[in-house]
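Visitor: Below you'll find the structure I mean.
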Amino acid sequence: MKKHSQKPIVHITDPEIERYAEGMTTPESSAIQNIVDSSDRELEYIDMLSGKLVGQLLKTLIRISNARRVLEIGSFTGYSAITMAEALGDDGEVITIEYNERHQQLSEAHFAKYDTKKKIRLLKGDARKLVDKLEGTFDLVFLDADKISYSLYYDKVLPKLKQGGLIIADNALWGGTVLSPDDSKSQAIAAFNTKVAEDERVEQVLLPVRDGINIIRKK
Ligand SMILES: C[S@@+](CC[C@H](N)C(=O)[O-])C[C@H]1O[C@@H](n2cnc3c(N)ncnc32)[C@H](O)[C@@H]1O
């Protein structure tokens, strides 16, 4: 896999431990492996793709919470949308939002090929605006777009989350830079984590899995 485009690589977990954990985690489906391979061929960097540990964690959370309606903010090439769709029942739905045209094309092609039960709907445009237009409630929201806007997305999606529903925020440790945030992205993520920690409407656990994953449950 090609390496990081966005930030210095700081390993939250010892790479050997991470490899072991991946080896002991349920394998990705062949569809998901194909998405990783074709994303790697098509793009210079694929470090934005959430990967096996986060993918299987999302699947597990969807299964144990019986989630049916899922919102994803940030599709990239469709890895996590397809992963989540695989864990949903036949009546499940993933709405995923993407504004980058190249990423829209790639994810659309992957959905056409691998979303055989047509559970995924791609919304093209800026999630900062599109989220307001979504109707109904969601059981689970996967937050994985521009890090600067995490707090904005949180404010917009929390009212749309059903009671007991989950917001899963990826990259919540941002390579460890949240410890002494000195650039706009790490400051935004640190502010987001603090906002969540101080919000009495939710309970949360920030797991040091891969780049950090904040699992937030609406009370
Ligand atoms: C980290 S990647 C998503 C990875 C994907 N969830 C996965 O695991 O494969 C973030 C994606 O969000 C998109 N994005 C960033 N800001 C956005 C915005 N304001 N509206 C819609 N999409 C956005 C980027 O173009 C990129 O494709």
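Please note that chains go A, B, ... in the order of the structure tokens, that every chain numbers its residues from 1, and that ligands are numbered from 1 in the order shown.
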Counting only C-alpha atoms and all ligand atoms, which residues in chain A sit no more than 9 Å from ligand 1? For each one, give the nearest pair of atoms and the distance in Å, sorted by chain then residue number, as a Markdown table.
Guide:
```
| residue | atom | partner | partner_atom_place_in_ligand_line | distance |
| --- | --- | --- | --- | --- |
| A:Val36 | CA | ligand 1 | 9 (O) | 8.9 |
| A:Ile46 | CA | ligand 1 | 9 (O) | 8.5 |
| A:Asp47 | CA | ligand 1 | 1 (C) | 7.7 |
| A:Met48 | CA | ligand 1 | 1 (C) | 4.0 |
| A:Leu49 | CA | ligand 1 | 9 (O) | 3.7 |
| A:Ser50 | CA | ligand 1 | 8 (O) | 3.6 |
| A:Gly51 | CA | ligand 1 | 8 (O) | 6.5 |
| A:Val54 | CA | ligand 1 | 8 (O) | 8.1 |
| A:Gly55 | CA | ligand 1 | 8 (O) | 7.5 |
| A:Glu72 | CA | ligand 1 | 6 (N) | 7.1 |
| A:Ile73 | CA | ligand 1 | 22 (N) | 6.3 |
| A:Gly74 | CA | ligand 1 | 12 (O) | 3.3 |
| A:Ser75 | CA | ligand 1 | 5 (C) | 4.6 |
| A:Phe76 | CA | ligand 1 | 27 (O) | 3.3 |
| A:Thr77 | CA | ligand 1 | 9 (O) | 5.7 |
| A:Gly78 | CA | ligand 1 | 9 (O) | 5.3 |
| A:Tyr79 | CA | ligand 1 | 9 (O) | 4.0 |
| A:Ser80 | CA | ligand 1 | 8 (O) | 4.3 |
| A:Ala81 | CA | ligand 1 | 6 (N) | 6.9 |
| A:Ile82 | CA | ligand 1 | 9 (O) | 8.8 |
| A:Thr83 | CA | ligand 1 | 8 (O) | 8.8 |
| A:Thr96 | CA | ligand 1 | 6 (N) | 8.7 |
| A:Ile97 | CA | ligand 1 | 21 (C) | 5.4 |
| A:Glu98 | CA | ligand 1 | 22 (N) | 3.7 |
| A:Tyr99 | CA | ligand 1 | 21 (C) | 4.1 |
| A:Asn100 | CA | ligand 1 | 25 (O) | 4.5 |
| A:Glu101 | CA | ligand 1 | 25 (O) | 8.1 |
| A:Arg102 | CA | ligand 1 | 25 (O) | 8.5 |
| A:His103 | CA | ligand 1 | 27 (O) | 5.6 |
| A:Gln104 | CA | ligand 1 | 27 (O) | 7.9 |
| A:Leu123 | CA | ligand 1 | 21 (C) | 8.7 |
| A:Lys124 | CA | ligand 1 | 21 (C) | 7.5 |
| A:Gly125 | CA | ligand 1 | 21 (C) | 5.8 |
| A:Asp126 | CA | ligand 1 | 20 (N) | 3.7 |
| A:Ala127 | CA | ligand 1 | 20 (N) | 3.8 |
| A:Arg128 | CA | ligand 1 | 19 (N) | 5.3 |
| A:Lys129 | CA | ligand 1 | 19 (N) | 8.1 |
| A:Leu130 | CA | ligand 1 | 20 (N) | 8.1 |
| A:Phe142 | CA | ligand 1 | 6 (N) | 7.6 |
| A:Leu143 | CA | ligand 1 | 6 (N) | 7.7 |
| A:Asp144 | CA | ligand 1 | 1 (C) | 5.1 |
| A:Ala145 | CA | ligand 1 | 12 (O) | 3.6 |
| A:Asp146 | CA | ligand 1 | 16 (N) | 4.0 |
| A:Lys147 | CA | ligand 1 | 16 (N) | 7.8 |
| A:Ile148 | CA | ligand 1 | 16 (N) | 8.8 |
| A:Ser149 | CA | ligand 1 | 19 (N) | 7.5 |
| A:Asp170 | CA | ligand 1 | 1 (C) | 8.1 |
| A:Asn171 | CA | ligand 1 | 1 (C) | 8.3 |
```
Visitor: Residues within 10 Å of stretch 204-217 of chain A, please, as a PyMOL selection string. Count only C-alpha atoms; anything in the same chain fewer than 2 positions from it doesn't count.
Guide: chain A and resi 9-15+18+50-54+57+61+140-143+158+161-176+193+196-197+199+201-202+219
Visitor: Please extract the residues of stretch 124-218 of chain A with a backbone DSSP assignment of strand (DSSP E or B) and present them as an NGL selection string.
Guide: :A and (124 or 138-143 or 161-170 or 202-207 or 213-218)
Visitor: Running DSSP on the backbone, which parts of stretch 85-201 of chain A land in alpha helix (DSSP H), as a ChimeraX atom specification?
Guide: /A:85-87,101-114,127-133,150-157,184-198
Visitor: Using only C-alpha atoms, can you tell me which of A:Leu43, A:Tyr150, A:Lys160, A:Ile17 comes closest to A:Gln187?
Guide: A:Tyr150
Visitor: Write out as an NGL selection string which residues come within 10 Å of A:Asn34 when counting only C-alpha atoms, dropping same-chain ones fewer than 6 positions away.
Guide: :A and (28 or 40 or 79 or 110 or 114)
Visitor: Dump N, CA and C atoms for the selected residues as a PDB file, in the first residue's frame?
Guide:
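Saved as again32.pdb:
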```
ATOM      1  N   GLU A  28     -10.835  -9.561   5.213  1.00  0.00           N
ATOM      2  CA  GLU A  28     -11.742  -8.763   4.385  1.00  0.00           C
ATOM      3  C   GLU A  28     -12.355  -9.662   3.307  1.00  0.00           C
ATOM      4  N   ASP A  40      -5.409   1.244  -5.113  1.00  0.00           N
ATOM      5  CA  ASP A  40      -3.948   1.374  -5.133  1.00  0.00           C
ATOM      6  C   ASP A  40      -3.438   1.586  -6.573  1.00  0.00           C
ATOM      7  N   TYR A  79     -14.362   1.911   0.268  1.00  0.00           N
ATOM      8  CA  TYR A  79     -13.952   0.789   1.131  1.00  0.00           C
ATOM      9  C   TYR A  79     -14.884   0.630   2.332  1.00  0.00           C
ATOM     10  N   HIS A 110     -17.061   1.198  -7.858  1.00  0.00           N
ATOM     11  CA  HIS A 110     -16.989   0.084  -6.891  1.00  0.00           C
ATOM     12  C   HIS A 110     -18.380  -0.296  -6.392  1.00  0.00           C
ATOM     13  N   TYR A 114     -19.793  -3.999  -6.621  1.00  0.00           N
ATOM     14  CA  TYR A 114     -19.780  -4.821  -5.395  1.00  0.00           C
ATOM     15  C   TYR A 114     -20.986  -4.625  -4.479  1.00  0.00           C
TER      16      TYR A 114
END
```
Visitor: Which neighbours of A:Glu86 fall inside 9 Å, counting only C-alpha atoms, when residues of the same chain fewer than 5 positions from it are skipped, and could you give them as a ChimeraX atom specification?
Guide: /A:29,59,81,115
Visitor: Could you state the separation of atom CA of A:Asn66 and atom CA of A:Val94 in Å, given to one decimal place?
Guide: 13.6 Å
